[in-house]
Amino acid sequence: MNFNKITPAILKKIVKALGQDSVFTDDETRDKHSRDYTENFEFLPEIVVEPKNTEGVSAVLKICNAHKIPVTVQGARSGLAGGALPFFGGVALSMKRFDRILEIDKQNFQVTVEPAVITEALQNEMMTHNLFYPPDPAGRGLSFIGGNVGTNAGGPKCVKYGVTRDYVLNLEIVLPNGEIMWTGANVLKNSTGYNLTQLIVGSEGTLAVVTKIVLRLLPLPPFNLLLLAPFNNAEDACAAVAAVFSTGVIPSGLEFMEKKAVEMSAKYLGVTPLSTSDQLLIEVEGNDLTALQNDCERIAEVLQSFNVGDILYADSEAQKRELWQLRRNLGSAVKVMATLKFSEDTVVPRFKLPELLRGAREIVKKYDGLDTVCWGHLGDGNLHINIITNKEMTPEFYKLAQEAKRDIFAFTKSLGGMLSAEHGVGLAQKAYISLFYSPIHLDILRGIKKVFDPKGIMNPNKIF
Ligand SMILES: Cc1cc2nc3c(=O)[nH]c(=O)nc-3n(C[C@H](O)[C@H](O)[C@H](O)COP(=O)(O)OP(=O)(O)OC[C@H]3O[C@@H](n4cnc5c(N)ncnc54)[C@H](O)[C@@H]3O)c2cc1C
């Protein structure tokens with residue numbers, strides 16, 4: 001792709017449009033914006049801009065579009081697919097100043113937010129109003145809502161309540177040519193033509209910049225119960241997942257952690273875990289405590305057919321927090337403890353989970369020096385197969401890991417699965433998308449991209 005560099009004259013225009021305090025050319029800021037949480041990628045932007053409002057975003061895009069400068073919109077850069085990395089340099093467009101909750105509409109159970117509101121902060125604020133925003137990526141203490149929209153983020157609660165997409169009603173966006181528009185209306189149902197709102201969700205900053213988000217909310221469920229089911233082996237834990245749903249109960253969390261993952265997270269946090277087994281963490285939540293207790297009993301009963309050990313019930317809020325903390329810190333723990341961690345985000349029909357786990361482990365075993373550590377939102381069929389190593393990361397070794405990844409994805413496809421459930425394709429998985437989508441499917445996606453972004457300036461070299 002042919003892009004232009006930012007000349008002093010173009011820089012002057014950007015500074016004039018945004019103000020000197022919103023444009024950064026220093027090495028330290030550029031370096032910070034060259035990385036996210038993905039592997040060891042690093043792509044340096046030529047400049048970093050931090051617009052203060054939608055008009056500022058529009059002004060930057062107009063200039064970049066006119067001069068064919070690539071623009072990469074960045075949220076909190078907690079992404080695991082390299083989506084927010086400025087591959088061709090150009091402008092890193094940081095949304096960090098868009099951090100306000102604009103309007104809480106309690107009557108209609110809606111909230112309008114700017115994209116840099118931290119996911120957990122939004123959830124906590126909603127709770128004070130007895131409202132509930134369910135999508136809860138494990139990295140919710142870091143990620144921005146705008147990034148969640150960019151990747152269509154999931155999380156533990158999504159098994160019961162759905163993913164980010166299911167809560168986005170309307171978006172203010174800025175198109176690559178600088179035009180500002182709303183994609184829909186603040187309504188719960190909308191069959192008025194193609195759904196642009198949903199097209200933008202999960203588009204990984206390749207179509208437009210999201211500057212305002214209207215989210216649907218739920219009433220806050222007052223009660224939840226959490227149980228930990230330890231298994232003799234990980235495949236039994238995976239096999240038990242589909243059976244949980246046969247009870248008629250839809251848990252509000254059904255998370256899997258391999259023994260090795262639990263140990264790593266506990267070491268990272270410096271805590272002693274309640275159980276160091278291959279395990280499922282199962283949460284139920286709702287309005288009626290007795291009904292929830294009955295749900296837990298039904299789940300516990302069905303788990304007996306899968307070699308489950310003694311099921312532990314969290315008996316206090318502190319214990320629940322402890323268990324969730326262990327789960328939510330798995331990614332960070334493994335990233336710190338391994339020289340390299342490739343975070344895969346495969347998803348298969350639930351029934352295929354034991355097969356996926358077994359197959360992935362066998363595939364990686366064939367590659368000397370590589371290992372796996374697995375966890376995931378198994379209620380959704382979403383298994384994070386992390387390929388890790390503690391060997392020195394030579395280019396040859398990196399290539400081996402890429403081959404192992406390809407084999408795992410091909411196997412996932414053979415099970416009727418998909419490449420990414422919630423992290424997006426970004427840069428890290430783009431080499432594999434053609435395993436899953438036919439040429440005609442990819443042509444349609446490229447056609448959509450062209451309609452929004454004829455000059456291809458928005459987050460180039462991502463997805464396909
Ligand atoms: C410890 C940890 C745990 C995680 N757990 C989960 C999990 O359970 N579930 C899950 O889904 N993910 C998880 N993630 C991944 C990550 O948190 C999510 O992908 C999150 O949605 C990214 O948000 P962000 O603000 O960091 O976005 P970024 O990484 O900055 O950007 C992500 C993508 O969105 C685009 N984007 C960002 N802002 C905008 C905008 N305003 N307009 C248009 N496009 C935009 C970017 O261009 C990029 O393509 C985890 C990450 C970590 C580090």
# chains A, B, ... in the order shown; residues from 1 in each chain; ligands from 1

call {"tool": "residues_near_ligand", "arguments": {"ligand": "ligand 1", "cutoff": "6 Å", "atoms": "only C-alpha atoms and all ligand atoms", "output": "PyMOL selection string"}}
result
chain A and resi 37+72-80+83-84+115+137-139+143-144+146-148+150-151+153-155+204-205+208-211+329+331-332+422-423

call {"tool": "closest_atom_pairs", "arguments": {"of": "region 302-406 of chain A", "to": "region 158-162 of chain A", "cutoff": "9 Å", "atoms": "only C-alpha atoms", "output": "JSON lines"}}
result
{"residue": "A:His377", "atom": "CA", "partner": "A:Val159", "partner_atom": "CA", "distance": 7.8}
{"residue": "A:Leu378", "atom": "CA", "partner": "A:Val159", "partner_atom": "CA", "distance": 8.5}
{"residue": "A:Gly379", "atom": "CA", "partner": "A:Val159", "partner_atom": "CA", "distance": 5.6}
{"residue": "A:Asp380", "atom": "CA", "partner": "A:Val159", "partner_atom": "CA", "distance": 5.5}

call {"tool": "write_last_selection", "arguments": {"atoms": "N, CA and C atoms", "output": "compact mmCIF listing (two decimals), in the first residue's frame"}}
result
# COMPACT_ATOMS: atom_id res chain seq x y z
N HIS A 377 -13.73 -18.95 28.00
CA HIS A 377 -15.15 -18.77 28.31
C HIS A 377 -15.89 -19.97 27.70
N LEU A 378 -15.78 -21.11 28.35
CA LEU A 378 -16.23 -22.34 27.71
C LEU A 378 -17.74 -22.41 27.54
N GLY A 379 -18.47 -21.67 28.35
CA GLY A 379 -19.92 -21.63 28.15
C GLY A 379 -20.26 -21.17 26.74
N ASP A 380 -19.39 -20.33 26.18
CA ASP A 380 -19.57 -19.84 24.80
C ASP A 380 -18.83 -20.71 23.79

call {"tool": "select_by_dssp", "arguments": {"residues": "region 163-379 of chain A", "states": "alpha helix (DSSP H)", "output": "PyMOL selection string"}}
result
chain A and resi 196-200+234-246+259-269+289-303+317-328+330-337+353-365

call {"tool": "write_last_selection", "arguments": {"atoms": "C-alpha atoms", "output": "mmCIF file, in the first residue's frame"}}
result
data_model
loop_
_atom_site.group_PDB
_atom_site.id
_atom_site.type_symbol
_atom_site.label_atom_id
_atom_site.label_comp_id
_atom_site.auth_asym_id
_atom_site.auth_seq_id
_atom_site.Cartn_x
_atom_site.Cartn_y
_atom_site.Cartn_z
ATOM 1 C CA LEU A 196 -24.673 0.140 10.082
ATOM 2 C CA THR A 197 -24.412 0.128 13.869
ATOM 3 C CA GLN A 198 -23.722 -3.583 13.917
ATOM 4 C CA LEU A 199 -21.358 -3.305 10.967
ATOM 5 C CA ILE A 200 -19.180 -0.869 12.897
ATOM 6 C CA ALA A 234 -9.003 -30.898 31.653
ATOM 7 C CA GLU A 235 -10.864 -32.903 29.020
ATOM 8 C CA ASP A 236 -13.477 -33.966 31.580
ATOM 9 C CA ALA A 237 -13.951 -30.329 32.521
ATOM 10 C CA CYS A 238 -14.469 -29.444 28.849
ATOM 11 C CA ALA A 239 -16.880 -32.333 28.343
ATOM 12 C CA ALA A 240 -18.978 -31.240 31.334
ATOM 13 C CA VAL A 241 -19.693 -27.829 29.809
ATOM 14 C CA ALA A 242 -22.364 -28.867 27.321
ATOM 15 C CA ALA A 243 -24.052 -30.958 30.041
ATOM 16 C CA VAL A 244 -24.452 -27.914 32.329
ATOM 17 C CA PHE A 245 -26.895 -26.431 29.823
ATOM 18 C CA SER A 246 -28.909 -29.649 29.719
ATOM 19 C CA LYS A 259 -4.330 -26.468 36.255
ATOM 20 C CA LYS A 260 -1.136 -24.953 34.874
ATOM 21 C CA ALA A 261 -2.934 -21.644 34.265
ATOM 22 C CA VAL A 262 -4.270 -21.555 37.843
ATOM 23 C CA GLU A 263 -0.765 -22.157 39.186
ATOM 24 C CA MET A 264 0.703 -19.385 37.042
ATOM 25 C CA SER A 265 -1.975 -16.873 38.017
ATOM 26 C CA ALA A 266 -1.607 -17.734 41.715
ATOM 27 C CA LYS A 267 2.166 -17.309 41.511
ATOM 28 C CA TYR A 268 1.771 -13.999 39.673
ATOM 29 C CA LEU A 269 -0.649 -12.698 42.314
ATOM 30 C CA LEU A 289 -31.726 -16.727 45.927
ATOM 31 C CA THR A 290 -33.563 -19.996 46.563
ATOM 32 C CA ALA A 291 -34.017 -20.541 42.834
ATOM 33 C CA LEU A 292 -30.285 -19.945 42.359
ATOM 34 C CA GLN A 293 -29.456 -22.484 45.060
ATOM 35 C CA ASN A 294 -31.652 -24.993 43.229
ATOM 36 C CA ASP A 295 -29.849 -24.159 39.975
ATOM 37 C CA CYS A 296 -26.502 -24.875 41.641
ATOM 38 C CA GLU A 297 -27.775 -28.208 42.928
ATOM 39 C CA ARG A 298 -28.915 -29.200 39.437
ATOM 40 C CA ILE A 299 -25.550 -28.215 37.986
ATOM 41 C CA ALA A 300 -23.636 -30.068 40.723
ATOM 42 C CA GLU A 301 -25.696 -33.181 40.047
ATOM 43 C CA VAL A 302 -24.962 -33.211 36.337
ATOM 44 C CA LEU A 303 -21.236 -32.644 36.937
ATOM 45 C CA GLU A 317 -18.046 -11.864 48.621
ATOM 46 C CA ALA A 318 -14.314 -11.853 49.433
ATOM 47 C CA GLN A 319 -13.970 -15.454 48.287
ATOM 48 C CA LYS A 320 -15.859 -14.710 45.072
ATOM 49 C CA ARG A 321 -13.514 -11.783 44.413
ATOM 50 C CA GLU A 322 -10.510 -14.031 45.060
ATOM 51 C CA LEU A 323 -11.723 -16.632 42.565
ATOM 52 C CA TRP A 324 -12.507 -14.064 39.885
ATOM 53 C CA GLN A 325 -9.198 -12.309 40.479
ATOM 54 C CA LEU A 326 -7.355 -15.536 39.719
ATOM 55 C CA ARG A 327 -9.363 -15.956 36.519
ATOM 56 C CA ARG A 328 -9.056 -12.347 35.368
ATOM 57 C CA LEU A 330 -4.479 -15.407 33.827
ATOM 58 C CA GLY A 331 -3.523 -13.496 30.676
ATOM 59 C CA SER A 332 -1.246 -11.037 32.449
ATOM 60 C CA ALA A 333 0.334 -13.842 34.502
ATOM 61 C CA VAL A 334 1.201 -15.978 31.507
ATOM 62 C CA LYS A 335 2.476 -12.988 29.540
ATOM 63 C CA VAL A 336 4.910 -12.175 32.348
ATOM 64 C CA MET A 337 6.027 -15.772 32.887
ATOM 65 C CA LEU A 353 -14.550 -28.510 23.243
ATOM 66 C CA PRO A 354 -12.837 -31.684 24.543
ATOM 67 C CA GLU A 355 -11.787 -32.524 20.990
ATOM 68 C CA LEU A 356 -10.396 -29.032 20.429
ATOM 69 C CA LEU A 357 -8.397 -29.094 23.657
ATOM 70 C CA ARG A 358 -6.988 -32.575 22.986
ATOM 71 C CA GLY A 359 -6.180 -31.783 19.346
ATOM 72 C CA ALA A 360 -4.492 -28.456 20.106
ATOM 73 C CA ARG A 361 -2.320 -30.003 22.779
ATOM 74 C CA GLU A 362 -1.282 -32.798 20.416
ATOM 75 C CA ILE A 363 -0.489 -30.341 17.624
ATOM 76 C CA VAL A 364 1.729 -28.179 19.810
ATOM 77 C CA LYS A 365 3.492 -31.206 21.326
#

call {"tool": "atom_distance", "arguments": {"atom1": "CA of Leu61 (chain A)", "atom2": "CA of Asn177 (chain A)"}}
result
6.1 Å

call {"tool": "select_by_dssp", "arguments": {"residues": "region 101-148 of chain A", "states": "strand (DSSP E)", "output": "VMD selection string"}}
result
chain A and resid 101 to 105 110 to 113 131 to 132

call {"tool": "residues_around", "arguments": {"residues": "region 128-134 of chain A", "least_positions_apart": "3", "cutoff": "6 Å", "atoms": "only C-alpha atoms", "output": "list in words"}}
result
Gln123, Glu125, Leu217, Leu218, Pro219 and Leu220 of chain A

call {"tool": "residues_around", "arguments": {"residues": "Ile448 (chain A)", "least_positions_apart": "3", "cutoff": "12 Å", "atoms": "only C-alpha atoms", "output": "VMD selection string"}}
result
chain A and resid 196 199 to 200 203 206 to 208 441 to 445 451 to 454 456

call {"tool": "write_last_selection", "arguments": {"atoms": "C-alpha atoms", "output": "tab-separated table (two decimals), in the first residue's frame"}}
result
chain	number	residue	atom	x	y	z
A	196	LEU	CA	-24.67	0.14	10.08
A	199	LEU	CA	-21.36	-3.31	10.97
A	200	ILE	CA	-19.18	-0.87	12.90
A	203	SER	CA	-14.80	-3.54	12.59
A	206	THR	CA	-10.98	-0.15	9.79
A	207	LEU	CA	-14.19	1.65	8.74
A	208	ALA	CA	-14.70	4.68	10.99
A	441	HIS	CA	-16.71	-13.80	1.43
A	442	LEU	CA	-13.42	-11.89	1.63
A	443	ASP	CA	-14.32	-9.93	-1.53
A	444	ILE	CA	-17.55	-8.78	0.11
A	445	LEU	CA	-15.64	-7.66	3.22
A	451	VAL	CA	-17.29	1.96	0.43
A	452	PHE	CA	-16.37	3.45	3.81
A	453	ASP	CA	-12.72	4.11	3.13
A	454	PRO	CA	-11.93	4.38	-0.61
A	456	GLY	CA	-7.70	2.77	2.58

call {"tool": "atom_distance", "arguments": {"atom1": "CA of Gln110 (chain A)", "atom2": "CA of Val57 (chain A)"}}
result
24.9 Å

call {"tool": "atom_distance", "arguments": {"atom1": "CA of Pro70 (chain A)", "atom2": "CA of Ile10 (chain A)"}}
result
12.8 Å

call {"tool": "closest_residue", "arguments": {"among": "A:Asn307, A:Leu415, A:Glu403, A:Asn124", "to": "Phe351 (chain A)", "atoms": "only C-alpha atoms"}}
result
A:Leu415

call {"tool": "residues_around", "arguments": {"residues": "Leu102 (chain A)", "least_positions_apart": "2", "cutoff": "8 Å", "atoms": "only C-alpha atoms", "output": "ChimeraX atom specification"}}
result
/A:100,104,111-114

call {"tool": "residues_around", "arguments": {"residues": "Ala401 (chain A)", "least_positions_apart": "4", "cutoff": "9 Å", "atoms": "only C-alpha atoms", "output": "list in words"}}
result
Phe342, Val364, Tyr367, Leu370, Ile387, Ile388, Glu396, Phe397, Lys405 and Arg406 of chain A

call {"tool": "closest_residue", "arguments": {"among": "A:Lys52, A:Ile101, A:Ala66, A:Gly141", "to": "Met126 (chain A)", "atoms": "only C-alpha atoms"}}
result
A:Ile101

call {"tool": "residues_around", "arguments": {"residues": "Lys5 (chain A)", "least_positions_apart": "4", "cutoff": "10 Å", "atoms": "only C-alpha atoms", "output": "PyMOL selection string"}}
result
chain A and resi 10+46+67-70+88-91

call {"tool": "write_last_selection", "arguments": {"atoms": "C-alpha atoms", "output": "JSON list (two decimals), in the first residue's frame"}}
result
[["chain", "number", "residue", "atom", "x", "y", "z"],
["A", 10, "ILE", "CA", 0.99, 18.38, 6.99],
["A", 46, "GLU", "CA", 5.01, 9.11, 13.08],
["A", 67, "HIS", "CA", -2.87, 13.49, 1.99],
["A", 68, "LYS", "CA", -3.27, 9.71, 2.13],
["A", 69, "ILE", "CA", -1.77, 9.33, 5.61],
["A", 70, "PRO", "CA", -2.68, 6.11, 7.49],
["A", 88, "PHE", "CA", 2.40, 1.76, 8.37],
["A", 89, "GLY", "CA", 3.32, 4.52, 10.84],
["A", 90, "GLY", "CA", 1.25, 7.62, 10.15],
["A", 91, "VAL", "CA", -1.08, 8.91, 12.84]]

call {"tool": "closest_residue", "arguments": {"among": "A:Ser434, A:Thr54, A:Asn40, A:Gln304", "to": "Thr339 (chain A)", "atoms": "only C-alpha atoms"}}
result
A:Asn40
